[in-house]
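Enquirer: Take a look at this one; I'll ask things after.
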Amino acid sequence: MKPVSAVVVNHDGGERVLKTIEALERQKVRLTEIIVVDNHSADGSQQRIRERFPHVRIIELRENQGPAVARNVGLRAARTDLVLLNDADVYVSEDAIHHLLEAHGRYRATLVCPRVLLFPEREIIQCDGAEVHFIGTLLLRHGFQTLEGISSEGAMVGACIGACFLIDRDCALAAGGFDEAFLFHFEDLEFSMRLRSLGHHLACEPAAVVYHDRGRGTPGLAFRGSEEYPRRRAYLTMSGRLRTMLIHYKLSTLLVLAPALALYELASLAAALWHGWGLEWIRAWGWQISRRSDLWRRRAEIQRQRSRTDRELLVGGPLPLAPGFIRSRAARAITTALTFVLGAYWRLAHRWIG
């Protein structure tokens with residue numbers, strides 16, 4: 001099998017990053033190297049890694065610029081053609097990389113993602129890859145369903161989450177790597193969409209199982225469904241979604257989908273006002289305007305290079321909302337109605353998307 005490097009992105013990972021490295025060390029496939037890109041941790045992670053795993057290479061960044069920057073640093077530093085990008089709270093099963101490598105050859109895919117299960121639950125699927133919903137967010141395949149009755153057949157997918165995946169290093173870097181304008185959240189959606197628009201194939205191999213630790217996550221950013229949705233995450237979600245659509249969607253697609261996107265944006269504004277995020281909604285739009293030169297440059301570059309249509313990249317389906325975000329009966333009723341209207345519009349309009 002082809003050699004593989006593992007790149008672990010860490011920020012204040014504590015005990016979790018040690019478990020992540022231990023899981024990588026137990027792989028049936030011997031890794032060429034393990035690199036930890038540390039996003040300016042303040043919890044002593046770096047020293048703990050050096051003491052427990054002296055052979056692991058650590059690249060320390062001077063400030064936390066988010067996972068996109070750290071992943072790009074890791075991709076450039078890796079010595080092998082294939083790289084496993086792994087977050088510091090994701091534990092790979094012993095044969096996960098073996099299955100990812102087999103799927104990489106079978107599908108001839110640039111990127112192969114595993115089946116991500118929640119930890120400590122272990123029986124709940126976070127996702128088997130994803131698709132890009134036309135409203136500009138990720139629609140998780142088998143998201144938050146129990147394992148019972150779910151197929152374990154591999155499949156081509158439209159996107160993946162950034163938690164863990166195997167990727168062809170040269171292809172990733174030739175495509176521009178991760179967009180470093182994304183501090184947190186949506187960098188994986190944009191990257192997936194860019195790869196596919198350039199003609200690359202993405203696959204999911206459910207036989208490759210990894211466990212995503214559902215601990216506290218990154219304070220102020222993580223959402224686990226029971227607490228209040230973080231204000232900063234709401235802002236990054238709104239701004240990331242807008243940037244992705246403005247960069248990737250063809251002008252004709254934006255025009256065809258304008259009524260549906262406008263309706264969804266009004267719903268987003270209403271939700272923002274309800275939760276007290278009105279300023280965040282304004283800032284999300286303001287961020288696009290303030291970075292318009294970079295946005296138009298990126299848009300022109302991607303539109304010039306793309307080889308797939310938006311119809312090939314986008315899907316319809318239920319609104320992708322985080323479990324636990326909708327809590328009241330009224331909000332559920334509104335969401336159901338909005339899902340019905342947007343779904344009907346997609347079924348009518350998608351044939352005119354080029």
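Following the order of the structure tokens, first chain is A, next is B, and so on, with residues numbered from 1 inside each chain and ligands from 1 in the order they appear.
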If we count only C-alpha atoms and set the cut-off at 9 Å, which residues sit around Leu321 of chain A, ignoring sequence neighbours fewer than 3 positions away in its own chain? Please answer as a compact mmCIF listing (two decimals) with C-alpha atoms, in the first residue's frame.

Expert:
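Contents of result-v1.txt, as written:
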```
# COMPACT_ATOMS: atom_id res chain seq x y z
CA THR A 137 -24.65 24.40 3.86
CA LEU A 139 -26.23 18.09 4.29
CA PRO A 318 -34.31 18.72 4.25
CA GLY A 324 -30.71 20.77 19.16
CA PHE A 325 -30.84 24.11 17.36
CA ILE A 326 -34.63 24.00 16.93
```

Enquirer: Set out as JSON lines a contact list for segment 164-186 of chain A and segment 6-30 of chain A with a cut-off of 10 Å, giving each residue of segment 164-186 of chain A that qualifies its closest atom pair and distance in Å to one decimal, counting only C-alpha atoms, ordered by chain and rising residue number.

Expert:
```
{"residue": "A:Cys164", "atom": "CA", "partner": "A:Val8", "partner_atom": "CA", "distance": 9.2}
{"residue": "A:Phe165", "atom": "CA", "partner": "A:Ala6", "partner_atom": "CA", "distance": 9.9}
{"residue": "A:Leu166", "atom": "CA", "partner": "A:Ala6", "partner_atom": "CA", "distance": 8.9}
```

Enquirer: Output C-alpha atoms for every residue in the selection just made, as a tab-separated table (two decimals), in the first residue's frame.

Expert:
```tsv
chain	number	residue	atom	x	y	z
A	164	CYS	CA	-10.79	13.31	9.27
A	165	PHE	CA	-10.04	12.30	5.68
A	166	LEU	CA	-7.35	10.89	3.41
```

Enquirer: As a PyMOL selection string, please: every residue in segment 79-310 of chain A that DSSP puts in alpha helix (DSSP H).

Expert: chain A and resi 96-107+169-174+187-197+231-248+251-275+278-290+292-305+310

Enquirer: Output C-alpha atoms for every residue in the selection just made, as a compact mmCIF listing (two decimals), in the first residue's frame.

Expert:
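Output file result.txt is given in full below:
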```
# COMPACT_ATOMS: atom_id res chain seq x y z
CA ALA A 96 -9.39 2.75 9.33
CA ILE A 97 -6.43 3.90 7.24
CA HIS A 98 -6.21 0.47 5.58
CA HIS A 99 -9.82 0.81 4.42
CA LEU A 100 -9.29 4.41 3.32
CA LEU A 101 -6.32 3.36 1.20
CA GLU A 102 -8.29 0.56 -0.42
CA ALA A 103 -11.15 2.95 -1.20
CA HIS A 104 -8.70 5.50 -2.59
CA GLY A 105 -7.57 2.97 -5.18
CA ARG A 106 -11.03 1.54 -5.85
CA TYR A 107 -12.74 4.89 -6.45
CA ARG A 169 -1.43 16.03 -1.14
CA ASP A 170 -0.37 17.34 -4.56
CA CYS A 171 -3.97 17.64 -5.76
CA ALA A 172 -4.97 19.49 -2.61
CA LEU A 173 -2.13 21.97 -2.90
CA ALA A 174 -2.61 22.41 -6.66
CA GLU A 187 -13.67 25.76 5.34
CA ASP A 188 -14.38 22.06 4.70
CA LEU A 189 -17.53 22.79 2.66
CA GLU A 190 -15.72 25.35 0.49
CA PHE A 191 -12.72 23.06 0.00
CA SER A 192 -14.94 20.10 -0.95
CA MET A 193 -16.91 22.20 -3.40
CA ARG A 194 -13.74 23.57 -4.97
CA LEU A 195 -12.24 20.12 -5.46
CA ARG A 196 -15.38 18.82 -7.11
CA SER A 197 -15.80 21.92 -9.28
CA ARG A 231 -22.84 33.72 19.15
CA ARG A 232 -19.42 33.54 17.46
CA ARG A 233 -20.30 30.27 15.73
CA ALA A 234 -23.50 31.86 14.45
CA TYR A 235 -21.51 34.72 12.91
CA LEU A 236 -18.95 32.37 11.32
CA THR A 237 -21.75 30.17 9.97
CA MET A 238 -23.55 33.09 8.35
CA SER A 239 -20.40 34.68 6.92
CA GLY A 240 -18.92 31.36 5.72
CA ARG A 241 -22.11 30.38 3.94
CA LEU A 242 -22.31 33.71 2.13
CA ARG A 243 -18.66 33.62 1.04
CA THR A 244 -18.98 30.07 -0.27
CA MET A 245 -22.04 30.86 -2.38
CA LEU A 246 -20.67 34.15 -3.70
CA ILE A 247 -17.42 32.48 -4.75
CA HIS A 248 -18.78 29.23 -6.21
CA LEU A 251 -24.38 34.08 -11.71
CA SER A 252 -27.13 32.16 -13.51
CA THR A 253 -27.49 29.87 -10.48
CA LEU A 254 -27.79 32.83 -8.12
CA LEU A 255 -30.47 34.31 -10.35
CA VAL A 256 -32.46 31.07 -10.65
CA LEU A 257 -32.24 30.40 -6.91
CA ALA A 258 -32.70 34.05 -5.87
CA PRO A 259 -36.28 33.67 -4.54
CA ALA A 260 -35.37 30.61 -2.44
CA LEU A 261 -32.09 32.09 -1.20
CA ALA A 262 -33.82 35.37 -0.33
CA LEU A 263 -36.48 33.48 1.64
CA TYR A 264 -33.81 31.52 3.51
CA GLU A 265 -31.88 34.71 4.24
CA LEU A 266 -35.02 36.33 5.68
CA ALA A 267 -35.47 33.25 7.87
CA SER A 268 -31.81 33.54 8.94
CA LEU A 269 -32.33 37.19 9.83
CA ALA A 270 -35.47 36.35 11.81
CA ALA A 271 -33.60 33.60 13.70
CA ALA A 272 -30.70 35.98 14.33
CA LEU A 273 -33.00 38.64 15.75
CA TRP A 274 -34.81 36.05 17.88
CA HIS A 275 -31.53 34.85 19.40
CA GLY A 278 -28.79 40.83 14.75
CA LEU A 279 -25.37 42.48 14.87
CA GLU A 280 -23.72 39.20 13.82
CA TRP A 281 -26.02 39.00 10.78
CA ILE A 282 -25.02 42.55 9.79
CA ARG A 283 -21.33 41.77 10.37
CA ALA A 284 -21.58 38.65 8.20
CA TRP A 285 -22.76 40.75 5.26
CA GLY A 286 -20.32 43.52 6.11
CA TRP A 287 -17.44 41.04 6.00
CA GLN A 288 -18.27 40.17 2.40
CA ILE A 289 -18.30 43.84 1.46
CA SER A 290 -15.06 44.64 3.28
CA ARG A 292 -14.96 42.23 -1.84
CA SER A 293 -11.69 42.56 -3.76
CA ASP A 294 -10.44 39.21 -2.46
CA LEU A 295 -13.89 37.68 -2.95
CA TRP A 296 -14.14 38.75 -6.60
CA ARG A 297 -10.57 37.61 -7.26
CA ARG A 298 -11.30 34.18 -5.78
CA ARG A 299 -14.57 33.99 -7.66
CA ALA A 300 -12.97 34.81 -11.01
CA GLU A 301 -10.23 32.24 -10.44
CA ILE A 302 -12.62 29.42 -9.51
CA GLN A 303 -15.16 30.18 -12.22
CA ARG A 304 -12.38 30.19 -14.82
CA GLN A 305 -11.01 26.80 -13.75
CA ASP A 310 -23.69 23.74 -10.26
```

Enquirer: As a PDB file with C-alpha atoms, in the first residue's frame, please: the residues near segment 36-43 of chain A (cut-off 10 Å, only C-alpha atoms, same-chain neighbours under 2 positions excluded).

Expert:
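Saved result, part-v9.pdb, follows:
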```pdb
ATOM      1  CA  ALA A   6      -0.811  11.768   9.357  1.00  0.00           C
ATOM      2  CA  VAL A   7      -1.295  15.463  10.126  1.00  0.00           C
ATOM      3  CA  VAL A   8      -3.058  16.250  13.394  1.00  0.00           C
ATOM      4  CA  VAL A   9      -4.381  19.774  13.885  1.00  0.00           C
ATOM      5  CA  ASN A  10      -4.357  20.702  17.560  1.00  0.00           C
ATOM      6  CA  HIS A  11      -5.455  23.615  19.713  1.00  0.00           C
ATOM      7  CA  ASP A  12      -5.602  22.999  23.464  1.00  0.00           C
ATOM      8  CA  GLY A  13      -6.308  19.334  22.811  1.00  0.00           C
ATOM      9  CA  GLY A  14      -5.180  18.173  26.242  1.00  0.00           C
ATOM     10  CA  VAL A  17      -4.793  14.889  21.332  1.00  0.00           C
ATOM     11  CA  ILE A  21      -1.939  10.071  18.496  1.00  0.00           C
ATOM     12  CA  GLU A  33       5.245  10.063   9.967  1.00  0.00           C
ATOM     13  CA  ILE A  34       2.927  11.800  12.371  1.00  0.00           C
ATOM     14  CA  SER A  45      -0.219  20.128  24.757  1.00  0.00           C
ATOM     15  CA  GLN A  46       3.110  20.538  22.997  1.00  0.00           C
ATOM     16  CA  GLN A  47       5.184  19.415  25.984  1.00  0.00           C
ATOM     17  CA  ARG A  48       2.892  16.508  26.792  1.00  0.00           C
ATOM     18  CA  ILE A  49       3.183  15.268  23.195  1.00  0.00           C
ATOM     19  CA  VAL A  56       6.189  12.899  16.594  1.00  0.00           C
ATOM     20  CA  ARG A  57       7.076  16.069  14.731  1.00  0.00           C
ATOM     21  CA  ILE A  58       5.472  19.221  16.135  1.00  0.00           C
ATOM     22  CA  ILE A  59       5.070  22.416  14.140  1.00  0.00           C
ATOM     23  CA  GLU A  60       4.129  25.268  16.459  1.00  0.00           C
ATOM     24  CA  LEU A  61       2.254  28.236  15.005  1.00  0.00           C
ATOM     25  CA  ARG A  62       2.698  31.626  16.645  1.00  0.00           C
ATOM     26  CA  GLU A  63      -1.023  32.355  16.701  1.00  0.00           C
ATOM     27  CA  ASN A  64      -4.278  30.477  16.286  1.00  0.00           C
ATOM     28  CA  GLN A  65      -5.424  31.276  12.760  1.00  0.00           C
ATOM     29  CA  GLY A  66      -7.862  28.386  12.541  1.00  0.00           C
ATOM     30  CA  PRO A  67      -7.830  24.899  11.028  1.00  0.00           C
ATOM     31  CA  VAL A  69      -4.088  27.578   7.977  1.00  0.00           C
ATOM     32  CA  ALA A  70      -2.937  24.635  10.118  1.00  0.00           C
ATOM     33  CA  ARG A  71      -4.031  22.053   7.537  1.00  0.00           C
ATOM     34  CA  ASN A  72      -2.211  23.893   4.777  1.00  0.00           C
ATOM     35  CA  VAL A  73       0.954  23.992   6.893  1.00  0.00           C
ATOM     36  CA  GLY A  74       0.637  20.255   7.510  1.00  0.00           C
ATOM     37  CA  ALA A  77       5.232  19.712   5.499  1.00  0.00           C
ATOM     38  CA  ASN A  86      -7.069  14.420  11.448  1.00  0.00           C
ATOM     39  CA  ASP A  87      -8.495  16.740  14.090  1.00  0.00           C
ATOM     40  CA  ALA A  88      -7.179  16.406  17.633  1.00  0.00           C
TER      41      ALA A  88
END
```

Enquirer: As a PyMOL selection string, please: every residue in segment 68-179 of chain A that DSSP puts in strand (DSSP E).

Expert: chain A and resi 82-87+90-92+111-119+124-127+130-133+138-140+145-146+155-157+164-168

Enquirer: Find, counting only C-alpha atoms, the residue in A:Ile35, A:Ile124, A:Leu84, A:Ala159 that gets nearest to Leu314 of chain A.

Expert: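 Answer, going by the shortest atom-to-atom distance: A:Ala159.
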